[in-house]
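Following: one structure in structure tokens, then a few remarks.
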Amino acid sequence: MKTLTVAVPCYNSQDYMRHAIEPLLICENDIEILIIDDGSKDKTGEIGDLLEEEYPATIRCIHQENGGHGEAVNTGLKNATGRFFKVLDSDDWFDEASLVTVIQTLKKLGNDVDMMICNYVYDKPSKNTQKPIRYTNALPENKIFRWYDVKYFYPSQNLLMHSIIYRTEVLRASGLVLPKHTFYVDNLFVYEPIPFVQTMYYLNVDLYHYFIGRDDQSVNETVMIGRIDQQIRVNKRMIDAIDIDKLKSRKMRKYLIKYLSMITTVTTVLCVKSGTEENLQKRNDLWAYMKDTKPAVYKEVKKTALGLAMQLNDPLGRKLIVGGYKLAQKLFGFN
């Protein structure tokens, strides 16, 4: 059994996929690399096959009909044989030195840890800027811990797909199946399995470099507004996933409410920024959905600072919402 399976969803990734995959080979004896060719129309599949031929003990290239990012992750999880599982998007990359440290640590931890957390970096090569997101104030370092050991997360310190590594069996036990042909499912990947995570380990290394800069990137604001229905679909599934009465850990419950508040804030802001009456109504419908289907969750979300702010529904309130979002973009460096 390899220590870590890295699933690399690829769609028309011929121009940058090697930049993601080749640094992983520094740990080729301990890593299984699954290249998921998601129905690409360029040379992605051909490159994947060549890499598999060159590194048959490490790389497998799996071809499938186009199902979107979520279905590629599903395929990776189905085929994973490593003890731990991580997703690496084909336009991102790992820091090599950090990866070596991660592998060494995972080998020592074995089955004692359900989830490892590492830092990630917002990387904008076009502006030559990097913004690392670290968790030193919120999580104990270099020790196995549980939810009751977790301290306060700052607004920028959400656990994202970029920062977490699941033990494969824990992820499978959660029953996670991501929807096809839907963007923003990475939020479901880090949200729905959380109640199955009991033990964690924080390794303070900057592992994942999250590239920001392509005009067609899914987190480009204009693109996100154009896909607002997909964002709402994911947001509603997150609402459905929480049953706060069944969560025994108070800090886990608090974190999940915080994360849901953040995602609902993003959805709300995009609806407001679009400026259309149709999307403003979709924003209202989303909040009504939460209130009607999960009143206890709605009550908790509304108590948060973000939840309170997002309820502002007059023109001045909308300006405040957009202004706050722009400030957060400058502070935290996302999209």
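By convention in this document, the chains of the structure tokens carry letters A, B, ... by their order, each chain's residues are numbered from 1, and ligands are numbered from 1 in the order they are shown.
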
Which residues of region 154-174 of chain A come within 6 Å of region 102-122 of chain A, and what is each one's closest atom pair and distance in Å (one decimal), counting only C-alpha atoms, sorted by chain and residue number, as CSV?
```
residue,atom,partner,partner_atom,distance
A:Ser163,CA,A:Cys118,CA,5.0
A:Ile164,CA,A:Ile117,CA,4.6
A:Ile165,CA,A:Met116,CA,5.0
A:Tyr166,CA,A:Met115,CA,4.5
A:Arg167,CA,A:Asp114,CA,5.0
```

Rows by chain and residue number, region 10-87 of chain A within 10 Å of region 186-200 of chain A, shortest pair, only C-alpha atoms, as a tab-separated table:
```
residue	atom	partner	partner_atom	distance
A:His69	CA	A:Asp186	CA	8.6
A:Gly70	CA	A:Asp186	CA	7.7
A:Val73	CA	A:Phe189	CA	9.1
A:Val87	CA	A:Asp186	CA	9.5
```

- Just give me the gap between CA of Ile242 (chain A) and CA of Gln281 (chain A) in Å, one decimal is fine. 24.1 Å

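We find CA of Thr81 (chain A) and CA of Ile21 (chain A) to be spaced 17.9 Å apart.
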
- Message: I need the strand (DSSP E) residues of region 120-328 of chain A per DSSP on the backbone, written as a ChimeraX atom specification.
- Response: /A:120-124,129-133,144-145,164-167,200-211

- Query: region 22-111 of chain A: which residues are helix (DSSP H, G or I) by DSSP, as a VMD selection string?
  - Reply: chain A and resid 22 to 27 44 to 54 68 to 79 96 to 111

- Query: Ile62 (chain A): which residues within 9 Å, counting only C-alpha atoms, same-chain residues fewer than 4 positions away excluded, as a PyMOL selection string?
  - Reply: chain A and resi 34-38+45+48-49+75-76

Show me a table, sorted first by chain and then by increasing residue number, of the residues of region 44-76 of chain A having an atom at most 12 Å from region 25-30 of chain A, each with its shortest atom pair and the distance in Å to one decimal, counting only C-alpha atoms and written as JSON lines.
```
{"residue": "A:Leu51", "atom": "CA", "partner": "A:Leu25", "partner_atom": "CA", "distance": 10.8}
{"residue": "A:Glu52", "atom": "CA", "partner": "A:Leu25", "partner_atom": "CA", "distance": 11.9}
{"residue": "A:Glu54", "atom": "CA", "partner": "A:Leu25", "partner_atom": "CA", "distance": 11.4}
{"residue": "A:Tyr55", "atom": "CA", "partner": "A:Glu28", "partner_atom": "CA", "distance": 8.6}
{"residue": "A:Pro56", "atom": "CA", "partner": "A:Glu28", "partner_atom": "CA", "distance": 10.5}
{"residue": "A:Ala57", "atom": "CA", "partner": "A:Asn29", "partner_atom": "CA", "distance": 8.1}
{"residue": "A:Thr58", "atom": "CA", "partner": "A:Glu28", "partner_atom": "CA", "distance": 5.9}
{"residue": "A:Ile59", "atom": "CA", "partner": "A:Glu28", "partner_atom": "CA", "distance": 8.7}
```
